[in-house]
Structure formats: C-alpha cells, structure tokens
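Undergrad: input.pdb is reproduced below (PDB, C-alpha atoms (C1' of nucleotides)).
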```pdb
ATOM      1  CA  MET V   7      -6.358 252.333 190.273
ATOM      2  CA  SER V   8      -7.140 250.781 193.607
ATOM      3  CA  PRO V   9      -5.949 247.215 193.750
ATOM      4  CA  THR V  10      -4.384 248.117 197.047
ATOM      5  CA  PRO V  11      -6.626 250.200 199.268
ATOM      6  CA  THR V  12     -10.057 248.838 198.686
ATOM      7  CA  ASN V  13     -12.360 250.728 200.968
ATOM      8  CA  THR V  14     -11.443 248.580 203.830
ATOM      9  CA  ASP V  15      -9.562 250.751 206.195
ATOM     10  CA  VAL V  16     -10.411 253.808 208.199
ATOM     11  CA  PHE V  17      -7.995 256.029 206.338
ATOM     12  CA  THR V  18      -9.730 255.425 203.059
ATOM     13  CA  ALA V  19     -13.108 255.751 204.695
ATOM     14  CA  ILE V  20     -12.436 259.246 205.969
ATOM     15  CA  ALA V  21     -10.899 260.361 202.709
ATOM     16  CA  GLU V  22     -14.389 261.004 201.415
ATOM     17  CA  PRO V  23     -15.668 264.458 202.415
ATOM     18  CA  LYS V  24     -19.273 263.400 202.617
ATOM     19  CA  ARG V  25     -18.311 260.521 204.806
ATOM     20  CA  ARG V  26     -16.478 262.851 207.120
ATOM     21  CA  GLU V  27     -19.570 264.989 207.214
ATOM     22  CA  ILE V  28     -21.664 262.016 208.217
ATOM     23  CA  VAL V  29     -19.221 261.112 210.940
ATOM     24  CA  SER V  30     -19.264 264.645 212.318
ATOM     25  CA  LEU V  31     -23.008 264.607 212.205
ATOM     26  CA  LEU V  32     -23.170 261.463 214.269
ATOM     27  CA  ALA V  33     -20.712 262.881 216.726
ATOM     28  CA  LYS V  34     -22.606 266.098 217.213
ATOM     29  CA  ARG V  35     -26.130 264.793 217.273
ATOM     30  CA  GLY V  36     -25.743 261.273 218.517
ATOM     31  CA  PRO V  37     -27.259 258.187 216.864
ATOM     32  CA  LEU V  38     -29.329 258.996 213.817
ATOM     33  CA  PRO V  39     -31.585 257.199 211.354
ATOM     34  CA  VAL V  40     -30.629 257.210 207.692
ATOM     35  CA  GLY V  41     -33.429 259.506 206.644
ATOM     36  CA  THR V  42     -32.202 262.328 208.820
ATOM     37  CA  MET V  43     -28.759 262.104 207.327
ATOM     38  CA  VAL V  44     -30.236 262.165 203.859
ATOM     39  CA  ASP V  45     -31.962 265.401 204.748
ATOM     40  CA  LEU V  46     -28.929 266.923 206.378
ATOM     41  CA  THR V  47     -26.427 266.013 203.702
ATOM     42  CA  GLY V  48     -28.506 266.612 200.627
ATOM     43  CA  LEU V  49     -27.265 263.378 199.116
ATOM     44  CA  ALA V  50     -29.481 260.802 197.488
ATOM     45  CA  GLN V  51     -30.725 258.121 199.816
ATOM     46  CA  SER V  52     -28.782 255.443 198.003
ATOM     47  CA  SER V  53     -25.571 257.387 198.367
ATOM     48  CA  VAL V  54     -26.005 257.859 202.073
ATOM     49  CA  SER V  55     -26.781 254.204 202.483
ATOM     50  CA  LYS V  56     -23.668 253.276 200.614
ATOM     51  CA  HIS V  57     -21.475 255.616 202.574
ATOM     52  CA  LEU V  58     -22.878 254.207 205.750
ATOM     53  CA  GLY V  59     -22.133 250.780 204.381
ATOM     54  CA  VAL V  60     -18.494 251.695 203.981
ATOM     55  CA  LEU V  61     -18.311 253.211 207.434
ATOM     56  CA  HIS V  62     -19.908 250.113 208.826
ATOM     57  CA  ASP V  63     -17.565 247.715 207.069
ATOM     58  CA  VAL V  64     -14.678 249.599 208.549
ATOM     59  CA  GLY V  65     -16.196 249.552 211.987
ATOM     60  CA  MET V  66     -16.761 253.258 212.277
ATOM     61  CA  VAL V  67     -20.465 252.943 212.892
ATOM     62  CA  SER V  68     -22.817 250.370 214.311
ATOM     63  CA  VAL V  69     -26.453 249.841 213.456
ATOM     64  CA  ASP V  70     -29.478 249.325 215.582
ATOM     65  CA  ARG V  71     -32.708 248.263 213.924
ATOM     66  CA  GLN V  72     -35.685 250.021 215.351
ATOM     67  CA  GLY V  73     -38.819 249.173 213.498
ATOM     68  CA  LYS V  74     -38.476 250.343 209.949
ATOM     69  CA  GLN V  75     -35.612 252.554 210.836
ATOM     70  CA  ARG V  76     -31.967 251.822 211.250
ATOM     71  CA  ILE V  77     -30.231 253.928 213.766
ATOM     72  CA  TYR V  78     -26.562 254.468 213.088
ATOM     73  CA  LYS V  79     -24.193 255.221 215.877
ATOM     74  CA  LEU V  80     -20.630 256.415 215.745
ATOM     75  CA  GLU V  81     -18.001 254.017 217.006
ATOM     76  CA  ALA V  82     -15.370 256.515 217.897
ATOM     77  CA  ASN V  83     -12.748 253.961 218.887
ATOM     78  CA  SER V  84     -12.196 253.195 215.266
ATOM     79  CA  LEU V  85     -10.707 256.633 214.894
ATOM     80  CA  LYS V  86      -7.978 255.922 217.367
ATOM     81  CA  THR V  87      -5.958 254.278 214.645
ATOM     82  CA  VAL V  88      -5.867 257.522 212.753
ATOM     83  CA  PHE V  89      -5.320 259.546 215.867
ATOM     84  CA  GLU V  90      -2.367 257.465 216.850
ATOM     85  CA  TRP V  91      -0.844 257.603 213.419
ATOM     86  CA  VAL V  92      -1.070 261.357 213.153
ATOM     87  CA  LYS V  93       0.008 261.800 216.710
ATOM     88  CA  GLU V  94       3.397 260.365 215.878
ATOM     89  CA  PHE V  95       4.128 263.484 213.935
ATOM     90  CA  GLU V  96       3.089 265.839 216.646
ATOM     91  CA  SER V  97       6.641 266.149 217.824
ATOM     92  CA  HIS V  98       7.635 267.313 214.395
ATOM     93  CA  TRP V  99       5.422 270.297 214.500
ATOM     94  CA  ASP V 100       6.194 270.848 218.146
ATOM     95  CA  HIS V 101       9.792 271.129 217.098
ATOM     96  CA  GLN V 102       8.849 274.105 215.089
ATOM     97  CA  LEU V 103       6.868 275.575 217.908
ATOM     98  CA  ALA V 104       9.799 274.958 220.182
ATOM     99  CA  ARG V 105      12.120 276.668 217.770
ATOM    100  CA  ILE V 106       9.845 279.636 217.477
ATOM    101  CA  LYS V 107       9.485 279.794 221.213
ATOM    102  CA  ALA V 108      13.223 279.561 221.702
ATOM    103  CA  LYS V 109      13.747 282.306 219.201
ATOM    104  CA  ALA V 110      11.230 284.493 220.964
ATOM    105  CA  GLU V 111      12.909 283.945 224.298
ATOM    106  CA  GLN V 112      16.252 284.657 222.748
ATOM    107  CA  ARG V 113      14.890 287.918 221.476
ATOM    108  CA  ALA V 114      13.416 288.787 224.837
ATOM    109  CA  LYS V 115      16.699 288.030 226.512
ATOM    110  CA  SER V 116      18.846 290.140 224.227
ATOM    111  CA  LEU V 117      16.294 292.865 224.615
ATOM    112  CA  ARG V 118      16.629 292.664 228.349
ATOM    113  CA  GLU V 119      20.388 292.699 228.129
ATOM    114  CA  SER V 120      20.434 295.680 225.853
ATOM    115  CA  ASN V 121      18.888 297.734 228.610
TER     116      ASN V 121
ATOM    117  CA  MET T   9     -15.680 257.951 191.044
ATOM    118  CA  SER T  10     -13.809 260.986 192.214
ATOM    119  CA  PRO T  11     -15.315 264.169 190.862
ATOM    120  CA  THR T  12     -15.232 265.372 194.425
ATOM    121  CA  PRO T  13     -12.009 264.537 196.197
ATOM    122  CA  THR T  14      -9.397 264.826 193.554
ATOM    123  CA  ASN T  15      -6.108 264.171 195.237
ATOM    124  CA  THR T  16      -5.982 267.639 196.534
ATOM    125  CA  ASP T  17      -6.413 267.364 200.239
ATOM    126  CA  VAL T  18      -4.422 265.785 202.998
ATOM    127  CA  PHE T  19      -7.095 263.247 203.853
ATOM    128  CA  THR T  20      -6.992 261.762 200.402
ATOM    129  CA  ALA T  21      -3.224 261.922 200.351
ATOM    130  CA  ILE T  22      -2.844 259.783 203.453
ATOM    131  CA  ALA T  23      -5.452 257.305 202.329
ATOM    132  CA  GLU T  24      -2.775 255.620 200.258
ATOM    133  CA  PRO T  25      -0.769 253.113 202.318
ATOM    134  CA  LYS T  26       2.421 253.614 200.386
ATOM    135  CA  ARG T  27       2.104 257.311 200.829
ATOM    136  CA  ARG T  28       1.733 256.870 204.562
ATOM    137  CA  GLU T  29       4.822 254.718 204.476
ATOM    138  CA  ILE T  30       6.740 257.454 202.722
ATOM    139  CA  VAL T  31       5.572 260.004 205.234
ATOM    140  CA  SER T  32       6.641 257.802 208.133
ATOM    141  CA  LEU T  33       9.955 257.273 206.462
ATOM    142  CA  LEU T  34      10.574 260.974 206.188
ATOM    143  CA  ALA T  35       9.561 261.454 209.790
ATOM    144  CA  LYS T  36      11.889 258.788 211.085
ATOM    145  CA  ARG T  37      14.912 259.428 208.942
ATOM    146  CA  GLY T  38      14.623 263.074 208.098
ATOM    147  CA  PRO T  39      14.910 264.542 204.587
ATOM    148  CA  LEU T  40      15.597 261.929 201.945
ATOM    149  CA  PRO T  41      16.358 261.770 198.233
ATOM    150  CA  VAL T  42      13.959 259.916 195.976
ATOM    151  CA  GLY T  43      16.315 257.049 195.303
ATOM    152  CA  THR T  44      16.495 256.068 198.925
ATOM    153  CA  MET T  45      12.741 255.915 199.152
ATOM    154  CA  VAL T  46      12.616 253.781 196.048
ATOM    155  CA  ASP T  47      14.952 251.339 197.742
ATOM    156  CA  LEU T  48      13.097 251.382 201.010
ATOM    157  CA  THR T  49       9.609 251.039 199.613
ATOM    158  CA  GLY T  50      10.258 248.594 196.821
ATOM    159  CA  LEU T  51       8.099 250.628 194.479
ATOM    160  CA  ALA T  52       9.095 251.592 190.972
ATOM    161  CA  GLN T  53      10.858 254.891 190.699
ATOM    162  CA  SER T  54       8.015 256.414 188.737
ATOM    163  CA  SER T  55       5.522 255.444 191.394
ATOM    164  CA  VAL T  56       7.519 256.992 194.163
ATOM    165  CA  SER T  57       7.934 260.135 192.150
ATOM    166  CA  LYS T  58       4.238 260.333 191.592
ATOM    167  CA  HIS T  59       3.386 259.739 195.206
ATOM    168  CA  LEU T  60       5.811 262.443 196.170
ATOM    169  CA  GLY T  61       4.126 264.651 193.628
ATOM    170  CA  VAL T  62       0.802 264.166 195.359
ATOM    171  CA  LEU T  63       2.282 264.786 198.777
ATOM    172  CA  HIS T  64       3.915 267.894 197.440
ATOM    173  CA  ASP T  65       0.760 269.260 195.847
ATOM    174  CA  VAL T  66      -0.982 268.872 199.146
ATOM    175  CA  GLY T  67       1.835 270.580 201.003
ATOM    176  CA  MET T  68       2.926 267.580 202.971
ATOM    177  CA  VAL T  69       6.488 267.670 201.697
ATOM    178  CA  SER T  70       8.870 270.248 200.349
ATOM    179  CA  VAL T  71      11.697 269.734 197.917
ATOM    180  CA  ASP T  72      15.261 270.890 197.916
ATOM    181  CA  ARG T  73      17.337 270.425 194.783
ATOM    182  CA  GLN T  74      20.841 269.322 195.551
ATOM    183  CA  GLY T  75      22.767 268.571 192.437
ATOM    184  CA  LYS T  76      21.131 265.733 190.634
ATOM    185  CA  GLN T  77      19.193 264.795 193.667
ATOM    186  CA  ARG T  78      15.992 266.129 195.080
ATOM    187  CA  ILE T  79      15.745 265.986 198.790
ATOM    188  CA  TYR T  80      12.229 265.674 200.112
ATOM    189  CA  LYS T  81      11.374 266.888 203.547
ATOM    190  CA  LEU T  82       8.262 266.306 205.604
ATOM    191  CA  GLU T  83       6.136 269.340 206.320
ATOM    192  CA  ALA T  84       4.458 268.093 209.423
ATOM    193  CA  ASN T  85       2.201 271.092 209.874
ATOM    194  CA  SER T  86       0.086 269.857 207.041
ATOM    195  CA  LEU T  87      -0.975 267.004 209.272
ATOM    196  CA  LYS T  88      -2.463 269.293 211.832
ATOM    197  CA  THR T  89      -5.656 269.458 209.825
ATOM    198  CA  VAL T  90      -6.108 265.760 210.238
ATOM    199  CA  PHE T  91      -5.025 265.827 213.841
ATOM    200  CA  GLU T  92      -7.537 268.480 214.683
ATOM    201  CA  TRP T  93     -10.340 266.712 212.893
ATOM    202  CA  VAL T  94      -9.758 263.418 214.630
ATOM    203  CA  LYS T  95      -9.180 265.111 217.922
ATOM    204  CA  GLU T  96     -12.756 266.299 217.957
ATOM    205  CA  PHE T  97     -13.801 262.738 218.552
ATOM    206  CA  GLU T  98     -11.406 262.121 221.363
ATOM    207  CA  SER T  99     -14.073 262.932 223.909
ATOM    208  CA  HIS T 100     -16.244 260.241 222.437
ATOM    209  CA  TRP T 101     -13.799 257.506 223.164
ATOM    210  CA  ASP T 102     -12.840 259.058 226.462
ATOM    211  CA  HIS T 103     -16.459 258.659 227.424
ATOM    212  CA  GLN T 104     -16.035 254.976 227.060
ATOM    213  CA  LEU T 105     -12.841 254.980 229.013
ATOM    214  CA  ALA T 106     -14.592 256.913 231.718
ATOM    215  CA  ARG T 107     -17.410 254.424 231.775
ATOM    216  CA  ILE T 108     -15.013 251.512 231.982
ATOM    217  CA  LYS T 109     -13.082 253.214 234.705
ATOM    218  CA  ALA T 110     -16.238 253.938 236.648
ATOM    219  CA  LYS T 111     -17.300 250.359 236.328
ATOM    220  CA  ALA T 112     -13.929 249.169 237.545
ATOM    221  CA  GLU T 113     -14.114 251.423 240.557
ATOM    222  CA  GLN T 114     -17.615 250.253 241.250
ATOM    223  CA  ARG T 115     -16.410 246.708 241.219
ATOM    224  CA  ALA T 116     -13.511 247.509 243.525
ATOM    225  CA  LYS T 117     -15.860 249.210 245.881
ATOM    226  CA  SER T 118     -18.375 246.402 246.134
ATOM    227  CA  LEU T 119     -15.477 244.039 246.560
ATOM    228  CA  ARG T 120     -14.234 246.047 249.496
ATOM    229  CA  GLU T 121     -17.681 246.185 250.993
ATOM    230  CA  SER T 122     -18.134 242.462 250.723
ATOM    231  CA  ASN T 123     -15.254 241.953 253.100
TER     232      ASN T 123
ATOM    233  C1'  DT S  20     -52.911 240.450 202.804
ATOM    234  C1'  DG S  21     -51.733 244.768 200.943
ATOM    235  C1'  DA S  22     -50.410 249.654 201.209
ATOM    236  C1'  DA S  23     -46.945 252.843 202.987
ATOM    237  C1'  DC S  24     -42.655 253.623 204.639
ATOM    238  C1'  DA S  25     -37.429 253.195 205.541
ATOM    239  C1'  DT S  26     -33.489 251.480 203.884
ATOM    240  C1'  DA S  27     -30.425 248.425 201.121
ATOM    241  C1'  DT S  28     -28.958 246.767 196.703
ATOM    242  C1'  DT S  29     -28.434 246.720 191.828
ATOM    243  C1'  DC S  30     -27.492 248.864 187.596
ATOM    244  C1'  DC S  31     -25.118 251.995 184.765
ATOM    245  C1'  DG S  32     -22.216 255.665 183.204
ATOM    246  C1'  DT S  33     -18.222 258.448 184.276
ATOM    247  C1'  DT S  34     -13.886 259.348 186.098
ATOM    248  C1'  DA S  35      -9.586 259.323 188.431
ATOM    249  C1'  DA S  36      -6.176 256.729 190.706
ATOM    250  C1'  DC S  37      -2.582 253.403 190.637
ATOM    251  C1'  DG S  38       1.255 250.528 188.784
ATOM    252  C1'  DG S  39       5.013 249.880 185.744
ATOM    253  C1'  DA S  40       7.597 250.550 181.395
ATOM    254  C1'  DA S  41       9.335 253.754 178.531
ATOM    255  C1'  DT S  42      10.826 258.154 177.711
ATOM    256  C1'  DA S  43      11.921 263.044 178.607
ATOM    257  C1'  DT S  44      14.423 266.471 181.381
ATOM    258  C1'  DG S  45      17.991 268.271 183.899
ATOM    259  C1'  DT S  46      22.589 268.042 186.055
ATOM    260  C1'  DC S  47      27.296 266.908 186.693
ATOM    261  C1'  DA S  48      31.936 265.467 185.250
ATOM    262  C1'  DA S  49      35.339 264.370 181.958
TER     263       DA S  49
ATOM    264  C1'  DT C  30      29.627 267.698 174.010
ATOM    265  C1'  DT C  31      28.867 263.350 175.501
ATOM    266  C1'  DG C  32      27.716 260.013 178.830
ATOM    267  C1'  DA C  33      26.109 258.622 183.347
ATOM    268  C1'  DC C  34      23.055 259.489 186.793
ATOM    269  C1'  DA C  35      18.656 261.148 189.396
ATOM    270  C1'  DT C  36      14.217 262.213 188.891
ATOM    271  C1'  DA C  37       9.935 263.688 186.494
ATOM    272  C1'  DT C  38       6.520 262.866 182.968
ATOM    273  C1'  DT C  39       3.979 260.346 179.625
ATOM    274  C1'  DC C  40       1.633 256.386 178.110
ATOM    275  C1'  DC C  41      -1.318 252.592 178.755
ATOM    276  C1'  DG C  42      -4.089 249.113 180.833
ATOM    277  C1'  DT C  43      -6.882 247.943 184.796
ATOM    278  C1'  DT C  44      -9.854 248.781 188.440
ATOM    279  C1'  DA C  45     -12.716 250.643 191.910
ATOM    280  C1'  DA C  46     -15.137 254.495 193.607
ATOM    281  C1'  DC C  47     -18.866 257.693 193.287
ATOM    282  C1'  DG C  48     -23.503 259.512 192.000
ATOM    283  C1'  DG C  49     -28.256 258.849 191.045
ATOM    284  C1'  DA C  50     -32.284 256.235 189.328
ATOM    285  C1'  DA C  51     -34.583 252.234 189.706
ATOM    286  C1'  DT C  52     -35.649 248.318 192.119
ATOM    287  C1'  DA C  53     -35.561 244.889 195.913
ATOM    288  C1'  DT C  54     -36.159 243.888 200.855
ATOM    289  C1'  DG C  55     -38.048 244.174 205.173
ATOM    290  C1'  DT C  56     -41.284 246.233 208.577
ATOM    291  C1'  DT C  57     -45.469 248.106 210.360
ATOM    292  C1'  DC C  58     -50.252 248.908 210.424
ATOM    293  C1'  DA C  59     -54.957 248.548 208.931
TER     294       DA C  59
END
```
Could you render the structure as structure tokens?

TA:
Amino acid sequence: MSPTPTNTDVFTAIAEPKRREIVSLLAKRGPLPVGTMVDLTGLAQSSVSKHLGVLHDVGMVSVDRQGKQRIYKLEANSLKTVFEWVKEFESHWDHQLARIKAKAEQRAKSLRESN
Amino acid sequence: MSPTPTNTDVFTAIAEPKRREIVSLLAKRGPLPVGTMVDLTGLAQSSVSKHLGVLHDVGMVSVDRQGKQRIYKLEANSLKTVFEWVKEFESHWDHQLARIKAKAEQRAKSLRESN
DNA sequence: TGAACATATTCCGTTAACGGAATATGTCAA
DNA sequence: TTGACATATTCCGTTAACGGAATATGTTCA
C-alpha cells in the first residue's frame, strides 16, 4: 500500500533505519558531504542520495553546494514535530513510574511502622 | 521495498497516520474496544483490526478479552524508544534557541545603550 | 574543451503495506 | 444448537518504497 503516507512527513522519513543512521551521523559529526556518508553507511551512493532526497523533501536536512560537493546539514527543528507528539504520552509512562514510586514509599512506610 | 523494516519496530508502526490516531485515541480515552475505534476513525473494521495487530506485535498495545469484546490498552513505555531517540537531538534545536535568545539580548542591550 | 570527480536521476526487479469485501472464529444468550 | 454480535483473518488489487547498476548532470582543473 501507501496511497496515504507518501514519504512526505517526518514520521515516515524516520521509519527507515538507514535514514535514522544518517540523521544521527549528521548530528554527531556536523555537516557532511554525501561521499562520507556513503563510506560510513556502506550503502550504494545512489541509495544515500535518495535517502538524503527524502530527508530534504521533509525538511530534515538542508544542502550547501561547495564546489563538486554537496554538504548536508541536519535541520533539527524538523524533529520537534515528532518530539512533541511522543511527549504527549510521557505522562502515561510517568503514571507508571509514579505508581511504582508510590508503592515503594508505601512499602518503606509500613516497614518503618512495623518497627 | 521493505526487506529491512518489516513492520516490526515502533518507528515503522507510528509512521502510519491512522495508527498514530489510534494511539492518541487510546491515550485520551483510555482502554477501548475495537468497535469504538472503528466508529471514531471511520476505517473499515478489518483495517482497524489489522492496525491494532501491528501495534500489538510491536508492543504498543495490550489486549484484554472481555466477553465478545477485546479491549485494547496503550502501552506507553513502548514509546520511550522513540522519545529517547528524538531527545538526542534536542540540544541541536536548543542551540538555535540559545542563539536567538542571545541575539535578542544583544539587541536589547544595544537599545539600552543607545539611550 | 575534455578528463576526473561528486552527486543526482533513471531504470528495473522485488516486496510488503494498505484498503476493503468477504469470510472465519469465538462468544454469549435464548 | 442456533443466531446475533465482536473481532480476526484471508483474499485480492493497487501502489510505493527500497536496493543497486547504469547513466545523466554539474563542477573543477589542466
């Protein structure tokens, strides 16, 4: 299928493991030319180019032509969308933490009282 | 393609808009039977079932049989993976915020001095 | 102008995902 | 046990994504 989520949103973009790898790469090492990423990922040059194309379309990277090279740079803002979405659920797992914490305190209390 | 990311990880699971909708639904309204989600999403029953299947395989929801119904519940922990991944890039957009902030302060300062 | 280089684009084969309709499975209630 | 109900599974058609090889495009330098 795929009539719906054509590679046009950040969520789909980061679904691809290799793409996530590329993004991490750019985050860790700063702006990078395509060739370097080809080396580091072990993918074919065409594949890397295409992945970068997707990331670019979605606004996750920007390009800077420098002579023959094209330097890709991470546009981290684009990830805020995802961050914000996931963040909404933080409370749900905090609930659990809270419950665990409460339980632990309960235990500590009854332990204290049993002395 | 897809030899790589068969719907087996959370990132792929949340790439699907309808699936995200379902997840949000479960977060907002708590555990829900399939039928309700069919109504709320406007998808065919089979589709919803299948999406829930994916979410379940990935550990994002758990099921509880109650009579004829199956109550699906969000397992928010599963989203931590995503949260943590995205979080790594937080500093990168904070940088920008910092820069903007600095610039704003700069401006305020020179404004003060020009008085 | 023509090599050499870096990258994008095209081409092609393969595969899995999706949607919906139809059907199977399981559960309750009479 | 039969029927109604809730949900899962199967079937089928359609489509887009991926990978890599080959090729096109653009840039630099002699």

Undergrad: With distances taken over all atoms listed in the file, which of C:DT31, C:DT57, C:DT36, C:DT43 is nearest to Gln77 (chain T)?

TA: C:DT36

Undergrad: Quick one: residues within 7 Å of region 64-73 of chain V, only C-alpha atoms (C1' of nucleotides), excluding same-chain residues fewer than 4 positions away - as an mmCIF file with C-alpha atoms (C1' of nucleotides), in the coordinates of the input?

TA:
```cif
data_model
loop_
_atom_site.group_PDB
_atom_site.id
_atom_site.type_symbol
_atom_site.label_atom_id
_atom_site.label_comp_id
_atom_site.auth_asym_id
_atom_site.auth_seq_id
_atom_site.Cartn_x
_atom_site.Cartn_y
_atom_site.Cartn_z
ATOM 1 C CA THR V 14 -11.443 248.580 203.830
ATOM 2 C CA ASP V 15 -9.562 250.751 206.195
ATOM 3 C CA VAL V 16 -10.411 253.808 208.199
ATOM 4 C CA VAL V 60 -18.494 251.695 203.981
ATOM 5 C CA ILE V 77 -30.231 253.928 213.766
ATOM 6 C CA TYR V 78 -26.562 254.468 213.088
ATOM 7 C CA LYS V 79 -24.193 255.221 215.877
ATOM 8 C CA LEU V 80 -20.630 256.415 215.745
ATOM 9 C CA GLU V 81 -18.001 254.017 217.006
ATOM 10 C CA ALA V 82 -15.370 256.515 217.897
ATOM 11 C CA SER V 84 -12.196 253.195 215.266
ATOM 12 C "C1'" DT C 56 -41.284 246.233 208.577
#
```

Undergrad: Taking only C-alpha atoms into account and nothing else, which residues of chain V lie no more than 9 Å away from chain T? Please answer as a VMD selection string.

TA: chain V and resid 10 to 11 15 to 23 30 33 80 to 83 85 to 86 88 to 89 92 to 99 102

Undergrad: Using all atoms listed in the file and a cut-off of 9 Å, which residues of chain C sit close to chain V? Please list them as a PyMOL selection string.

TA: chain C and resi 43-49+55-57

Undergrad: What does the PyMOL selection byres ((chain S) within 6 of (chain T)) select in this file, as an NGL selection string?

TA: :S and (34-35 or 46)

Undergrad: Restricting the output to C-alpha atoms (C1' of nucleotides), write the selected residues as a compact mmCIF listing (two decimals), in the coordinates of the input.

TA:
```txt
# COMPACT_ATOMS: atom_id res chain seq x y z
C1' DT S 34 -13.89 259.35 186.10
C1' DA S 35 -9.59 259.32 188.43
C1' DT S 46 22.59 268.04 186.06
```

Undergrad: Just give me the gap between CA of Pro39 (chain V) and CA of Arg76 (chain V) in Å, one decimal is fine.

TA: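 Result for CA of Pro39 (chain V) versus CA of Arg76 (chain V): 5.4 Å, one decimal.
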
Undergrad: Quick check, in Å to one decimal: how far apart do CA of Asp47 (chain T) and CA of Leu33 (chain T) lie?

TA: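 Result for CA of Asp47 (chain T) versus CA of Leu33 (chain T): 11.7 Å, one decimal.
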
Undergrad: Counting all atoms listed in the file, find residues at most 9 Å from (-46.4, 253.3, 204.5) (file frame) and give them as a ChimeraX atom specification.

TA: /S:22-24 /C:57-58

Undergrad: Could you pull region 27-42 of chain T out of the block above and give me N, CA, C and O atoms, as a CSV table (one decimal), in the first residue's frame?

TA:
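Result file is result-v4.csv:
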```csv
chain,number,residue,atom,x,y,z
T,27,ARG,N,-2.6,4.9,12.4
T,27,ARG,CA,-2.1,4.2,13.6
T,27,ARG,C,-1.8,5.2,14.7
T,27,ARG,O,-2.1,5.0,15.9
T,28,ARG,N,-1.3,6.3,14.3
T,28,ARG,CA,-1.0,7.4,15.3
T,28,ARG,C,-2.3,7.9,15.9
T,28,ARG,O,-2.4,8.1,17.1
T,29,GLU,N,-3.3,8.0,15.0
T,29,GLU,CA,-4.6,8.4,15.5
T,29,GLU,C,-5.1,7.4,16.6
T,29,GLU,O,-5.6,7.9,17.6
T,30,ILE,N,-5.0,6.2,16.3
T,30,ILE,CA,-5.5,5.1,17.2
T,30,ILE,C,-4.7,5.3,18.5
T,30,ILE,O,-5.3,5.2,19.6
T,31,VAL,N,-3.5,5.5,18.5
T,31,VAL,CA,-2.6,5.6,19.7
T,31,VAL,C,-3.1,6.8,20.5
T,31,VAL,O,-3.3,6.7,21.7
T,32,SER,N,-3.3,7.9,19.8
T,32,SER,CA,-3.8,9.1,20.5
T,32,SER,C,-5.1,8.9,21.2
T,32,SER,O,-5.4,9.3,22.3
T,33,LEU,N,-6.0,8.2,20.4
T,33,LEU,CA,-7.3,7.8,20.9
T,33,LEU,C,-7.2,7.1,22.2
T,33,LEU,O,-7.8,7.4,23.2
T,34,LEU,N,-6.4,6.1,22.2
T,34,LEU,CA,-6.2,5.2,23.4
T,34,LEU,C,-5.6,6.0,24.6
T,34,LEU,O,-5.9,5.8,25.7
T,35,ALA,N,-4.8,7.0,24.2
T,35,ALA,CA,-4.2,7.8,25.3
T,35,ALA,C,-5.2,8.7,25.9
T,35,ALA,O,-5.3,8.9,27.1
T,36,LYS,N,-6.0,9.3,25.1
T,36,LYS,CA,-7.0,10.3,25.6
T,36,LYS,C,-8.2,9.6,26.3
T,36,LYS,O,-8.6,10.1,27.3
T,37,ARG,N,-8.6,8.5,25.7
T,37,ARG,CA,-9.9,7.9,26.3
T,37,ARG,C,-9.6,6.7,27.1
T,37,ARG,O,-10.6,6.0,27.5
T,38,GLY,N,-8.4,6.3,27.2
T,38,GLY,CA,-8.2,5.0,28.0
T,38,GLY,C,-8.5,3.8,27.1
T,38,GLY,O,-8.9,3.9,25.9
T,39,PRO,N,-8.4,2.6,27.7
T,39,PRO,CA,-8.7,1.4,27.0
T,39,PRO,C,-10.0,1.4,26.3
T,39,PRO,O,-11.0,1.9,26.8
T,40,LEU,N,-10.0,0.8,25.1
T,40,LEU,CA,-11.2,0.9,24.2
T,40,LEU,C,-11.4,-0.4,23.4
T,40,LEU,O,-10.4,-1.1,23.0
T,41,PRO,N,-12.6,-0.8,23.2
T,41,PRO,CA,-12.9,-1.9,22.3
T,41,PRO,C,-12.7,-1.5,20.9
T,41,PRO,O,-12.9,-0.4,20.5
T,42,VAL,N,-12.5,-2.5,20.0
T,42,VAL,CA,-12.3,-2.3,18.6
T,42,VAL,C,-13.4,-1.5,18.0
T,42,VAL,O,-13.1,-0.5,17.2
```
